[in-house]
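Enquirer: Structure provided below as structure tokens; questions to follow.
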Amino acid sequence: MKNIPRPHSECGNVIWKIQLFKKGMIFLANNEVKLVDSVEALEAKMAQVREAQKIFATYTQEQVDKIFKAAAIAANKARIPLAKMAVEETGMGVVEDKVIKNNYAAEYIYNKYKNTQTCGIVEEDVSFGTKKVLEPLGIIAAVIPTTNPTSTAIFKTMICLKTRNGIIISPHPRAKKSTIEAAKIVLDAAVEAGAPKNIIGWIDVPSLDLTNMVMRDSDCILATGGPGMVKAAYSSGTPALGVGAGNTPAVIDSSADIKMAVSSIIHSKTFDNGMICASEQSVIVDKTIYSEVKKEFKDRGCYFLKGEELDKVRKTIIINGALNAKIVGQKAHTIASLAGVDVDEDTKILIGEVTSVDISEEFAHEKLSPVLAMYKAKDFEDAMEKADRLIQDGGFGHTSSLYCDAKAEAEKIDAFAAKMKTCRVLVNTPSSHGGIGDLYNFNLDPSLTLGCGSWGGNSVSENVGVKHLLNIKTIAERRENMLWFRAPEKVYFKKGCLPVALDELKTVMGKKKAFIVTDQFLYKNGYTKPITDKLDEMGIVHATFFDVAPDPTLACALEGVAQLRAFEPDTIIAIGGGSAMDAGKIMWVLYEHPEADFYDMAMRFIDIRKRVYTFPKMGEKAYFIAIPTSSGTGSEVTPFAVITDEKTGTKYPLADYQLMPNMAIVDTDLMMSAPKGLTSASGIDALTHALEAYASVMATDYTDGLALRAIKLIFNYLPECYENGQTAVKAREEMANASTLAGMAFANAFLGVCHSMAHKLGAYHHLPHGVANALLITIVMRFNANPSPRKMGTFSQYEYPHTLARYAECANIIGISGKDDEDTLNKFIDAIEELKAKVGIKKTIADYGIDEQDFLDRLDSMVEDAFDDQCTGANPRYPLFSEIKEMYLAAYYGTEYKG
């Protein structure tokens, strides 16, 4: 322990604790080693939790909500180290997918229940004289499975904190360290926010006797795990909320969208190597489309077992009537190797074509791995009969899935729902993601404990949340959430428009004091003079902050905020490239809301509408105007700001529509003297914005037109801007338009992994952002264009991989077409590489003088940071760490990359 000093940062603490866990040490809140490893120790711990819960039961809703939010933020920040720890300890699952599970357990549960009342009088009827008062149950015994050791621990501790219950966790012996660490992170955050210090406890050395004891002596049991454990919970004499076994059948009707159905099933079945209990175990396909469905599975990287291979896998997945623990959460290739079957390393799913739906058929069981049974149905009635029998053989009450034309075949949905004795009937939805709720249907509650009702021998039929009284069957048809298009209130453009636009500050708004944010070069070379002259003419007092550096830091922003607070302007004008506008946005937030925490604002989110941290409302004190002097970032019309933490070198891309400028002024007069290097880097940056917005899972008809027009303008005018920028007025103006159009496109469709990687390449090796994007974009395009990616992006409107066709549409807009989409893509990439060469972009990262050994030494850290960048989530192909690394290496060495 003396050789492992405890760091001061939160992230460092997580890594420190993981190192201690590896040495067999488990620490409590006071850092004293007190293992709960005996009956006596458990009795003492339960007494502590019970006393803490009595105190907690007196808390107000405001106190509880503060604790609930603090727990969500802490768990969210630890999502990656906890995911890595879980996989390392259990040997099961996929780190990147467990990151999503941890993120989901914190973010979605918080979003669902943040406004739910859990304290005091919830309902009162004066005329009838009734009141309903919410009270906690007491101590909850939480049994945590090895399949989801950290996300389930986060979920259960979160809902217990929201309901003022104490909790004692019994981890799985094979996952105790990661489960306890997740509980410890939540506990520390809760206590710091005001919770009693012993409100969460756990068994350090789990055993059957201690687990039975905690279930017997608690007030309620939250049981997640195998059928034996759940049965023991219900037999303990303590009220229990448990789950049944999952054996989800997925029926693909003749009316289904085959590509969407197959993509959804693969997306679900490969998520964390199939360990979510709602994942599909069998696919039942109408005979009229069976061959097409089989071909789609094959084309997407699934392997159909042949002859003896089928029997070999049968004997491997089920041994003596029970699931073989060695296959749980393993890759398809690993399972095939255990069975003595040779398949490709990248095989997604092993599929066994079988006919029997009886329990004697091994493929008819729940398999908790990327192994799938496939049945041919004579018609829809036969498909339903087969699905019903599979549910009876081990999935009563859990989940069933149907793919069909939801509009034309509404009667089939009704018939299927009536037939299935399951509490979740999912329509056109990946069942792993769909079953846990709030991803593909926004009225299905998010949860990592899925009740199966009386059919599955459970006391709750819903996705477990803060209250459960009745069996409720939920039919969740896939839906797309509301989309949006947002832009600044006013966007002015045309050469010479600056003084005309600024005139509104006096004539329309009556502003009195303006604060200008820029950099030293622009200030010393007179770029701010047209602004100050106009302000003087209007009698508006002004001050200028000109210390913004390239890649602006948080320290720089804070320095500007100090001057803002002293000056107290009613208008902020940011003029420059992306750096000045980004710094100005952060200054704006911290000026109007001194209480705002930068690191909370920088918190990663999955869905901008569901983020744990809510940005404060902007514009109450100052009107924000953004004026670009280069054609690239588009920051004048976006809700984004990239700021560097000078202490760590980390670049934080912040995103929230409260950061959207009120007014953008795009005046080519300010761009005419931009040097070649800036013209080149910013121009390719704008092209990358347009390409990533068009490929994004969040792209819409509203953003597509902007992106395509930007691409066309950039190809037409960037070379002339580069060669003759100081005299080419038309080219400068069209490039300015292209930059702003691309900005509005990605402001609403968001970006992708190219920007994620470029942010980190710039942060680690100090390459200009536009250059970093230029070095990566064509590699990322090949990565995204793969028609059978290992993982696809998760967004409700994104049904299946189609990025190759999207890139072909981008190529068509500039007159490029080939014999097919792949040929068109190749020609398009050649055109992009030619454009890059014309504007002086070098071929590789190495060509920019980045030391090879330094690059390799820092590569793994750069990969993980790029994966966790805010831009990654909207990418159409969800990248693995290994895939990001492969792309970085290809960009460094200039090696051929095929995606």
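In the structure tokens, the first chain shown is A, the next is B, and so on; residue numbers restart at 1 for each chain, and ligands run from 1 in the order shown.
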Could you name the residues that touch A:Asp311 at 12 Å or less, counting only C-alpha atoms, but leaving out those on the same chain fewer than 5 positions away, as a PDB file with C-alpha atoms, in the first residue's frame?
Expert:
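The new file selection_2.pdb reads:
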ATOM      1  CA  LEU A 305     -23.290 -24.402 -38.529  1.00  0.00           C
ATOM      2  CA  LYS A 306     -23.155 -27.357 -40.900  1.00  0.00           C
ATOM      3  CA  THR A 316     -20.740 -27.356 -25.922  1.00  0.00           C
ATOM      4  CA  ILE A 317     -23.530 -24.916 -25.093  1.00  0.00           C
ATOM      5  CA  ILE A 318     -25.538 -27.255 -22.866  1.00  0.00           C
ATOM      6  CA  ALA A 336     -16.659 -22.357 -31.805  1.00  0.00           C
ATOM      7  CA  ALA A 339     -16.575 -26.980 -29.742  1.00  0.00           C
ATOM      8  CA  GLY A 340     -13.789 -27.813 -32.169  1.00  0.00           C
ATOM      9  CA  VAL A 341     -15.362 -25.812 -34.996  1.00  0.00           C
ATOM     10  CA  GLY A 352     -27.928 -23.386 -35.659  1.00  0.00           C
ATOM     11  CA  GLU A 353     -30.784 -24.210 -38.037  1.00  0.00           C
ATOM     12  CA  VAL A 354     -33.013 -26.536 -36.008  1.00  0.00           C
ATOM     13  CA  GLU A 361     -33.089 -29.329 -28.227  1.00  0.00           C
ATOM     14  CA  GLU A 362     -29.981 -27.576 -26.852  1.00  0.00           C
ATOM     15  CA  PHE A 363     -30.428 -24.607 -29.184  1.00  0.00           C
TER      16      PHE A 363
END
Enquirer: Tell me, as a ChimeraX atom specification, which residues lie within 8 Å of stretch 790-800 of chain A, counting only C-alpha atoms; anything in the same chain fewer than 6 positions away does not count.
Expert: /A:259-260,263-264,267,346,348,439-440,478-481,697-698,873-879
Enquirer: Just the selected residues (N, CA and C atoms), exported as a CSV table (one decimal), in the first residue's frame, please.
Expert:
chain,number,residue,atom,x,y,z
A,259,LYS,N,-33.6,-6.3,-43.8
A,259,LYS,CA,-32.3,-5.7,-43.5
A,259,LYS,C,-32.3,-5.1,-42.1
A,260,MET,N,-33.4,-4.4,-41.8
A,260,MET,CA,-33.6,-3.8,-40.5
A,260,MET,C,-33.7,-4.8,-39.4
A,263,SER,N,-30.3,-6.6,-38.9
A,263,SER,CA,-29.3,-5.7,-38.3
A,263,SER,C,-29.7,-5.5,-36.8
A,264,SER,N,-30.9,-5.4,-36.5
A,264,SER,CA,-31.4,-5.2,-35.1
A,264,SER,C,-31.0,-6.4,-34.3
A,267,HIS,N,-27.2,-6.5,-33.8
A,267,HIS,CA,-26.9,-5.4,-32.9
A,267,HIS,C,-27.1,-5.8,-31.5
A,346,ASP,N,-13.7,-13.0,-36.8
A,346,ASP,CA,-14.6,-11.9,-36.7
A,346,ASP,C,-16.1,-12.3,-36.8
A,348,LYS,N,-19.7,-13.0,-36.0
A,348,LYS,CA,-20.5,-12.3,-35.1
A,348,LYS,C,-21.4,-13.3,-34.2
A,439,LEU,N,-34.6,3.3,-25.0
A,439,LEU,CA,-33.7,3.5,-26.1
A,439,LEU,C,-34.4,3.4,-27.4
A,440,TYR,N,-35.4,2.5,-27.6
A,440,TYR,CA,-36.1,2.4,-28.8
A,440,TYR,C,-37.6,2.6,-28.6
A,478,ARG,N,-41.4,0.0,-31.6
A,478,ARG,CA,-40.3,0.9,-31.9
A,478,ARG,C,-40.8,2.3,-32.4
A,479,ARG,N,-40.1,3.3,-31.8
A,479,ARG,CA,-40.5,4.7,-32.2
A,479,ARG,C,-39.2,5.5,-32.3
A,480,GLU,N,-39.3,6.5,-33.1
A,480,GLU,CA,-38.3,7.5,-33.2
A,480,GLU,C,-38.7,8.7,-32.4
A,481,ASN,N,-37.8,9.2,-31.6
A,481,ASN,CA,-38.1,10.3,-30.7
A,481,ASN,C,-38.1,11.6,-31.6
A,697,VAL,N,-25.7,9.1,-37.4
A,697,VAL,CA,-26.9,8.4,-37.1
A,697,VAL,C,-28.0,9.4,-36.9
A,698,MET,N,-27.7,10.7,-36.6
A,698,MET,CA,-28.7,11.7,-36.3
A,698,MET,C,-29.0,12.6,-37.5
A,873,GLY,N,-20.4,9.1,-30.2
A,873,GLY,CA,-21.8,8.5,-30.1
A,873,GLY,C,-22.6,8.6,-31.3
A,874,ALA,N,-22.4,9.6,-32.2
A,874,ALA,CA,-23.2,9.8,-33.4
A,874,ALA,C,-22.6,9.1,-34.6
A,875,ASN,N,-21.5,8.5,-34.4
A,875,ASN,CA,-20.9,7.8,-35.5
A,875,ASN,C,-21.7,6.6,-36.0
A,876,PRO,N,-21.9,6.4,-37.3
A,876,PRO,CA,-22.7,5.3,-37.8
A,876,PRO,C,-22.2,3.9,-37.4
A,877,ARG,N,-20.9,3.8,-37.3
A,877,ARG,CA,-20.3,2.6,-36.9
A,877,ARG,C,-19.7,2.8,-35.5
A,878,TYR,N,-20.2,2.1,-34.5
A,878,TYR,CA,-19.7,2.3,-33.2
A,878,TYR,C,-18.3,1.6,-33.0
A,879,PRO,N,-17.3,2.4,-32.7
A,879,PRO,CA,-15.9,1.8,-32.8
A,879,PRO,C,-15.5,1.1,-31.5
Enquirer: Which residue, A:Asp701, A:Glu51, A:Asp860, A:Glu852, has the smallest gap to A:Trp484 when you use only C-alpha atoms?
Expert: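 The answer is A:Asp701, which sits nearest to A:Trp484.
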Enquirer: Just how far from atom CA of A:Tyr403 is atom CA of A:Ile266, in Å to one decimal?
Expert: 13.6 Å
Enquirer: Would you please work out which residue, of A:Val771, A:Ala626, A:Val87, A:Ala189, is nearest to A:Leu498 when using only C-alpha atoms?
Expert: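 Ranked by minimum distance to A:Leu498, first place goes to A:Ala626.
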Enquirer: As a PDB file with N, CA, C and O atoms, in the first residue's frame, please: every residue in stretch 229-329 of chain A that a backbone DSSP assignment puts in strand (DSSP E or B).
Expert:
ATOM      1  N   ALA A 240     -39.749 -10.218  -2.182  1.00  0.00           N
ATOM      2  CA  ALA A 240     -38.682 -10.162  -3.185  1.00  0.00           C
ATOM      3  C   ALA A 240     -39.207  -9.616  -4.501  1.00  0.00           C
ATOM      4  O   ALA A 240     -40.333  -9.906  -4.917  1.00  0.00           O
ATOM      5  N   LEU A 241     -38.374  -8.808  -5.145  1.00  0.00           N
ATOM      6  CA  LEU A 241     -38.604  -8.359  -6.516  1.00  0.00           C
ATOM      7  C   LEU A 241     -37.544  -9.045  -7.359  1.00  0.00           C
ATOM      8  O   LEU A 241     -36.371  -8.649  -7.331  1.00  0.00           O
ATOM      9  N   GLY A 242     -37.948 -10.089  -8.062  1.00  0.00           N
ATOM     10  CA  GLY A 242     -36.958 -10.861  -8.812  1.00  0.00           C
ATOM     11  C   GLY A 242     -37.296 -10.935 -10.275  1.00  0.00           C
ATOM     12  O   GLY A 242     -38.293 -10.389 -10.741  1.00  0.00           O
ATOM     13  N   THR A 248     -35.747 -15.280 -25.162  1.00  0.00           N
ATOM     14  CA  THR A 248     -36.510 -14.456 -26.098  1.00  0.00           C
ATOM     15  C   THR A 248     -36.540 -15.030 -27.512  1.00  0.00           C
ATOM     16  O   THR A 248     -35.491 -15.205 -28.142  1.00  0.00           O
ATOM     17  N   PRO A 249     -37.753 -15.294 -28.037  1.00  0.00           N
ATOM     18  CA  PRO A 249     -37.875 -15.646 -29.446  1.00  0.00           C
ATOM     19  C   PRO A 249     -38.140 -14.393 -30.269  1.00  0.00           C
ATOM     20  O   PRO A 249     -38.853 -13.487 -29.828  1.00  0.00           O
ATOM     21  N   ALA A 250     -37.556 -14.320 -31.456  1.00  0.00           N
ATOM     22  CA  ALA A 250     -37.796 -13.192 -32.364  1.00  0.00           C
ATOM     23  C   ALA A 250     -38.429 -13.729 -33.638  1.00  0.00           C
ATOM     24  O   ALA A 250     -37.818 -14.508 -34.365  1.00  0.00           O
ATOM     25  N   VAL A 251     -39.669 -13.339 -33.894  1.00  0.00           N
ATOM     26  CA  VAL A 251     -40.384 -13.763 -35.091  1.00  0.00           C
ATOM     27  C   VAL A 251     -40.175 -12.719 -36.182  1.00  0.00           C
ATOM     28  O   VAL A 251     -40.418 -11.523 -35.968  1.00  0.00           O
ATOM     29  N   ILE A 252     -39.715 -13.159 -37.356  1.00  0.00           N
ATOM     30  CA  ILE A 252     -39.579 -12.273 -38.516  1.00  0.00           C
ATOM     31  C   ILE A 252     -40.689 -12.629 -39.491  1.00  0.00           C
ATOM     32  O   ILE A 252     -40.649 -13.663 -40.162  1.00  0.00           O
ATOM     33  N   GLU A 280     -32.096 -11.940 -27.917  1.00  0.00           N
ATOM     34  CA  GLU A 280     -32.737 -12.983 -28.696  1.00  0.00           C
ATOM     35  C   GLU A 280     -31.997 -14.319 -28.531  1.00  0.00           C
ATOM     36  O   GLU A 280     -30.772 -14.362 -28.592  1.00  0.00           O
ATOM     37  N   GLN A 281     -32.749 -15.383 -28.345  1.00  0.00           N
ATOM     38  CA  GLN A 281     -32.167 -16.723 -28.262  1.00  0.00           C
ATOM     39  C   GLN A 281     -32.544 -17.571 -29.476  1.00  0.00           C
ATOM     40  O   GLN A 281     -31.846 -18.508 -29.823  1.00  0.00           O
ATOM     41  N   SER A 282     -33.661 -17.213 -30.109  1.00  0.00           N
ATOM     42  CA  SER A 282     -34.139 -17.948 -31.280  1.00  0.00           C
ATOM     43  C   SER A 282     -34.744 -16.968 -32.273  1.00  0.00           C
ATOM     44  O   SER A 282     -35.353 -15.969 -31.881  1.00  0.00           O
ATOM     45  N   VAL A 283     -34.573 -17.266 -33.563  1.00  0.00           N
ATOM     46  CA  VAL A 283     -35.199 -16.492 -34.625  1.00  0.00           C
ATOM     47  C   VAL A 283     -36.126 -17.424 -35.397  1.00  0.00           C
ATOM     48  O   VAL A 283     -35.705 -18.508 -35.812  1.00  0.00           O
ATOM     49  N   ILE A 284     -37.371 -17.008 -35.553  1.00  0.00           N
ATOM     50  CA  ILE A 284     -38.371 -17.813 -36.249  1.00  0.00           C
ATOM     51  C   ILE A 284     -38.787 -17.037 -37.484  1.00  0.00           C
ATOM     52  O   ILE A 284     -39.325 -15.928 -37.384  1.00  0.00           O
ATOM     53  N   VAL A 285     -38.526 -17.612 -38.664  1.00  0.00           N
ATOM     54  CA  VAL A 285     -38.653 -16.875 -39.918  1.00  0.00           C
ATOM     55  C   VAL A 285     -39.713 -17.514 -40.813  1.00  0.00           C
ATOM     56  O   VAL A 285     -39.722 -18.733 -41.016  1.00  0.00           O
ATOM     57  N   ASP A 286     -40.586 -16.680 -41.346  1.00  0.00           N
ATOM     58  CA  ASP A 286     -41.581 -17.158 -42.310  1.00  0.00           C
ATOM     59  C   ASP A 286     -40.864 -17.790 -43.502  1.00  0.00           C
ATOM     60  O   ASP A 286     -39.883 -17.236 -44.022  1.00  0.00           O
ATOM     61  N   TYR A 303     -22.324 -17.032 -38.876  1.00  0.00           N
ATOM     62  CA  TYR A 303     -21.913 -18.340 -39.397  1.00  0.00           C
ATOM     63  C   TYR A 303     -22.998 -19.375 -39.114  1.00  0.00           C
ATOM     64  O   TYR A 303     -23.413 -19.567 -37.976  1.00  0.00           O
ATOM     65  N   PHE A 304     -23.433 -20.056 -40.199  1.00  0.00           N
ATOM     66  CA  PHE A 304     -24.425 -21.121 -40.059  1.00  0.00           C
ATOM     67  C   PHE A 304     -23.693 -22.457 -39.911  1.00  0.00           C
ATOM     68  O   PHE A 304     -22.891 -22.836 -40.770  1.00  0.00           O
ATOM     69  N   ILE A 318     -24.777 -26.670 -23.970  1.00  0.00           N
ATOM     70  CA  ILE A 318     -25.538 -27.255 -22.866  1.00  0.00           C
ATOM     71  C   ILE A 318     -24.852 -28.546 -22.442  1.00  0.00           C
ATOM     72  O   ILE A 318     -24.624 -29.443 -23.261  1.00  0.00           O
ATOM     73  N   ILE A 319     -24.531 -28.651 -21.153  1.00  0.00           N
ATOM     74  CA  ILE A 319     -23.883 -29.844 -20.612  1.00  0.00           C
ATOM     75  C   ILE A 319     -24.719 -30.362 -19.457  1.00  0.00           C
ATOM     76  O   ILE A 319     -25.007 -29.624 -18.507  1.00  0.00           O
ATOM     77  N   ALA A 322     -27.721 -28.257 -18.483  1.00  0.00           N
ATOM     78  CA  ALA A 322     -27.514 -26.900 -17.967  1.00  0.00           C
ATOM     79  C   ALA A 322     -26.572 -26.124 -18.881  1.00  0.00           C
ATOM     80  O   ALA A 322     -25.735 -26.699 -19.581  1.00  0.00           O
ATOM     81  N   LEU A 323     -26.711 -24.801 -18.852  1.00  0.00           N
ATOM     82  CA  LEU A 323     -25.856 -23.937 -19.662  1.00  0.00           C
ATOM     83  C   LEU A 323     -24.404 -24.081 -19.243  1.00  0.00           C
ATOM     84  O   LEU A 323     -24.070 -24.047 -18.063  1.00  0.00           O
TER      85      LEU A 323
END
Enquirer: Pull the alpha helix (DSSP H) assignments for stretch 308-485 of chain A out of DSSP run on the backbone, and list those residues as a compact mmCIF listing (two decimals) with N, CA, C and O atoms, in the first residue's frame.
Expert:
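File produced: part.txt:
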# COMPACT_ATOMS: atom_id res chain seq x y z
N GLU A 308 -21.83 -31.97 -38.80
CA GLU A 308 -21.33 -32.33 -37.48
C GLU A 308 -21.10 -31.12 -36.59
O GLU A 308 -21.13 -31.24 -35.37
N GLU A 309 -20.87 -29.95 -37.20
CA GLU A 309 -20.63 -28.75 -36.42
C GLU A 309 -21.81 -28.45 -35.49
O GLU A 309 -21.63 -28.01 -34.35
N LEU A 310 -23.01 -28.73 -35.98
CA LEU A 310 -24.21 -28.46 -35.19
C LEU A 310 -24.21 -29.27 -33.91
O LEU A 310 -24.47 -28.76 -32.81
N ASP A 311 -23.87 -30.56 -34.02
CA ASP A 311 -23.84 -31.42 -32.83
C ASP A 311 -22.70 -31.05 -31.90
O ASP A 311 -22.83 -31.11 -30.67
N LYS A 312 -21.57 -30.64 -32.46
CA LYS A 312 -20.44 -30.24 -31.61
C LYS A 312 -20.81 -29.03 -30.75
O LYS A 312 -20.48 -28.97 -29.56
N VAL A 313 -21.49 -28.07 -31.38
CA VAL A 313 -21.87 -26.87 -30.63
C VAL A 313 -22.98 -27.22 -29.64
O VAL A 313 -23.01 -26.69 -28.52
N ARG A 314 -23.90 -28.11 -30.02
CA ARG A 314 -24.95 -28.56 -29.09
C ARG A 314 -24.32 -29.07 -27.80
O ARG A 314 -24.74 -28.72 -26.69
N LYS A 315 -23.31 -29.90 -27.94
CA LYS A 315 -22.67 -30.52 -26.77
C LYS A 315 -21.84 -29.51 -25.97
O LYS A 315 -21.47 -29.78 -24.82
N THR A 316 -21.56 -28.37 -26.59
CA THR A 316 -20.74 -27.36 -25.92
C THR A 316 -21.59 -26.35 -25.16
O THR A 316 -21.24 -25.93 -24.06
N ILE A 317 -22.74 -25.97 -25.74
CA ILE A 317 -23.53 -24.92 -25.09
C ILE A 317 -24.33 -25.44 -23.90
O ILE A 317 -24.53 -24.72 -22.92
N ALA A 332 -18.15 -15.43 -30.46
CA ALA A 332 -18.57 -16.58 -31.26
C ALA A 332 -17.38 -17.44 -31.62
O ALA A 332 -17.45 -18.69 -31.58
N HIS A 333 -16.26 -16.82 -31.96
CA HIS A 333 -15.07 -17.57 -32.34
C HIS A 333 -14.57 -18.43 -31.17
O HIS A 333 -14.16 -19.58 -31.35
N THR A 334 -14.60 -17.88 -29.97
CA THR A 334 -14.15 -18.62 -28.79
C THR A 334 -15.03 -19.83 -28.53
O THR A 334 -14.54 -20.94 -28.24
N ILE A 335 -16.34 -19.64 -28.67
CA ILE A 335 -17.28 -20.74 -28.44
C ILE A 335 -17.08 -21.83 -29.49
O ILE A 335 -17.08 -23.02 -29.19
N ALA A 336 -16.90 -21.39 -30.74
CA ALA A 336 -16.66 -22.36 -31.81
C ALA A 336 -15.38 -23.16 -31.53
O ALA A 336 -15.34 -24.38 -31.73
N SER A 337 -14.34 -22.50 -31.06
CA SER A 337 -13.08 -23.19 -30.75
C SER A 337 -13.27 -24.22 -29.65
O SER A 337 -12.72 -25.32 -29.71
N LEU A 338 -14.06 -23.87 -28.62
CA LEU A 338 -14.35 -24.82 -27.54
C LEU A 338 -15.04 -26.06 -28.09
O LEU A 338 -14.85 -27.18 -27.58
N ALA A 339 -15.84 -25.86 -29.15
CA ALA A 339 -16.58 -26.98 -29.74
C ALA A 339 -15.77 -27.70 -30.81
O ALA A 339 -16.25 -28.71 -31.36
N PHE A 380 -47.60 -17.37 -40.22
CA PHE A 380 -47.53 -16.57 -38.99
C PHE A 380 -48.07 -17.33 -37.78
O PHE A 380 -47.53 -17.23 -36.69
N GLU A 381 -49.13 -18.11 -37.99
CA GLU A 381 -49.68 -18.90 -36.88
C GLU A 381 -48.66 -19.89 -36.37
O GLU A 381 -48.47 -20.06 -35.15
N ASP A 382 -47.97 -20.55 -37.31
CA ASP A 382 -46.94 -21.52 -36.91
C ASP A 382 -45.79 -20.82 -36.19
O ASP A 382 -45.24 -21.35 -35.21
N ALA A 383 -45.42 -19.63 -36.64
CA ALA A 383 -44.36 -18.87 -35.98
C ALA A 383 -44.74 -18.54 -34.55
O ALA A 383 -43.91 -18.66 -33.62
N MET A 384 -45.99 -18.13 -34.34
CA MET A 384 -46.43 -17.81 -32.99
C MET A 384 -46.44 -19.05 -32.10
O MET A 384 -46.07 -18.98 -30.92
N GLU A 385 -46.85 -20.19 -32.65
CA GLU A 385 -46.86 -21.42 -31.87
C GLU A 385 -45.45 -21.80 -31.44
O GLU A 385 -45.22 -22.20 -30.29
N LYS A 386 -44.51 -21.68 -32.34
CA LYS A 386 -43.12 -22.00 -32.02
C LYS A 386 -42.58 -21.04 -30.95
O LYS A 386 -41.91 -21.45 -29.99
N ALA A 387 -42.87 -19.76 -31.12
CA ALA A 387 -42.42 -18.77 -30.13
C ALA A 387 -43.02 -19.06 -28.76
O ALA A 387 -42.33 -19.00 -27.73
N ASP A 388 -44.29 -19.37 -28.75
CA ASP A 388 -44.97 -19.67 -27.48
C ASP A 388 -44.33 -20.87 -26.80
O ASP A 388 -44.12 -20.87 -25.57
N ARG A 389 -44.01 -21.92 -27.57
CA ARG A 389 -43.41 -23.12 -26.98
C ARG A 389 -42.01 -22.81 -26.44
O ARG A 389 -41.63 -23.29 -25.35
N LEU A 390 -41.25 -22.00 -27.15
CA LEU A 390 -39.91 -21.64 -26.67
C LEU A 390 -39.99 -20.87 -25.36
O LEU A 390 -39.16 -21.05 -24.46
N ILE A 391 -41.00 -20.00 -25.25
CA ILE A 391 -41.19 -19.26 -24.00
C ILE A 391 -41.52 -20.21 -22.86
O ILE A 391 -41.01 -20.10 -21.75
N GLN A 392 -42.38 -21.19 -23.14
CA GLN A 392 -42.74 -22.17 -22.12
C GLN A 392 -41.54 -22.98 -21.64
O GLN A 392 -41.48 -23.40 -20.49
N ALA A 410 -51.06 -4.36 -38.27
CA ALA A 410 -51.38 -4.07 -36.87
C ALA A 410 -52.11 -5.25 -36.21
O ALA A 410 -51.92 -5.52 -35.02
N GLU A 411 -52.91 -5.97 -36.99
CA GLU A 411 -53.64 -7.12 -36.43
C GLU A 411 -52.68 -8.22 -36.00
O GLU A 411 -52.93 -8.92 -35.01
N LYS A 412 -51.58 -8.39 -36.72
CA LYS A 412 -50.59 -9.40 -36.33
C LYS A 412 -49.92 -9.01 -35.01
O LYS A 412 -49.63 -9.88 -34.18
N ILE A 413 -49.65 -7.72 -34.83
CA ILE A 413 -49.07 -7.27 -33.56
C ILE A 413 -50.02 -7.61 -32.41
O ILE A 413 -49.61 -8.12 -31.36
N ASP A 414 -51.30 -7.32 -32.62
CA ASP A 414 -52.29 -7.62 -31.58
C ASP A 414 -52.37 -9.11 -31.30
O ASP A 414 -52.44 -9.53 -30.14
N ALA A 415 -52.34 -9.92 -32.36
CA ALA A 415 -52.42 -11.37 -32.18
C ALA A 415 -51.19 -11.90 -31.46
O ALA A 415 -51.29 -12.75 -30.56
N PHE A 416 -50.04 -11.40 -31.85
CA PHE A 416 -48.80 -11.84 -31.22
C PHE A 416 -48.77 -11.45 -29.75
O PHE A 416 -48.41 -12.25 -28.87
N ALA A 417 -49.17 -10.21 -29.46
CA ALA A 417 -49.20 -9.74 -28.08
C ALA A 417 -50.14 -10.57 -27.23
O ALA A 417 -49.86 -10.88 -26.06
N ALA A 418 -51.30 -10.95 -27.81
CA ALA A 418 -52.26 -11.77 -27.07
C ALA A 418 -51.73 -13.18 -26.82
O ALA A 418 -52.02 -13.78 -25.78
N LYS A 419 -50.96 -13.67 -27.75
CA LYS A 419 -50.45 -15.05 -27.65
C LYS A 419 -49.30 -15.17 -26.66
O LYS A 419 -49.20 -16.16 -25.92
N SER A 431 -33.84 -6.65 -29.05
CA SER A 431 -34.45 -6.96 -27.75
C SER A 431 -33.54 -6.66 -26.57
O SER A 431 -34.03 -6.30 -25.50
N SER A 432 -32.22 -6.76 -26.71
CA SER A 432 -31.33 -6.41 -25.60
C SER A 432 -31.51 -4.95 -25.22
O SER A 432 -31.71 -4.61 -24.05
N HIS A 433 -31.42 -4.10 -26.22
CA HIS A 433 -31.55 -2.66 -25.98
C HIS A 433 -33.00 -2.28 -25.73
O HIS A 433 -33.30 -1.41 -24.90
N GLY A 434 -33.92 -2.92 -26.46
CA GLY A 434 -35.33 -2.58 -26.32
C GLY A 434 -35.91 -3.01 -24.99
O GLY A 434 -36.70 -2.28 -24.38
N GLY A 435 -35.51 -4.19 -24.51
CA GLY A 435 -36.08 -4.71 -23.27
C GLY A 435 -35.74 -3.87 -22.06
O GLY A 435 -36.57 -3.70 -21.16
N ILE A 436 -34.52 -3.31 -22.02
CA ILE A 436 -34.13 -2.52 -20.85
C ILE A 436 -34.75 -1.12 -20.86
O ILE A 436 -34.69 -0.41 -19.86
Enquirer: Expressed in Å to a single decimal, how great is the separation between atom CA of A:Asp597 and atom CA of A:Lys162?
Expert: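 Between these atoms lies a distance of 23.2 Å.
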Enquirer: Looking at A:Thr288, A:Gly301, A:Ser218, A:Glu568, which one is nearest to A:Pro787, with distances taken over only C-alpha atoms?
Expert: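 Going through A:Thr288, A:Gly301, A:Ser218, A:Glu568 one by one, the smallest distance to A:Pro787 is for A:Gly301.
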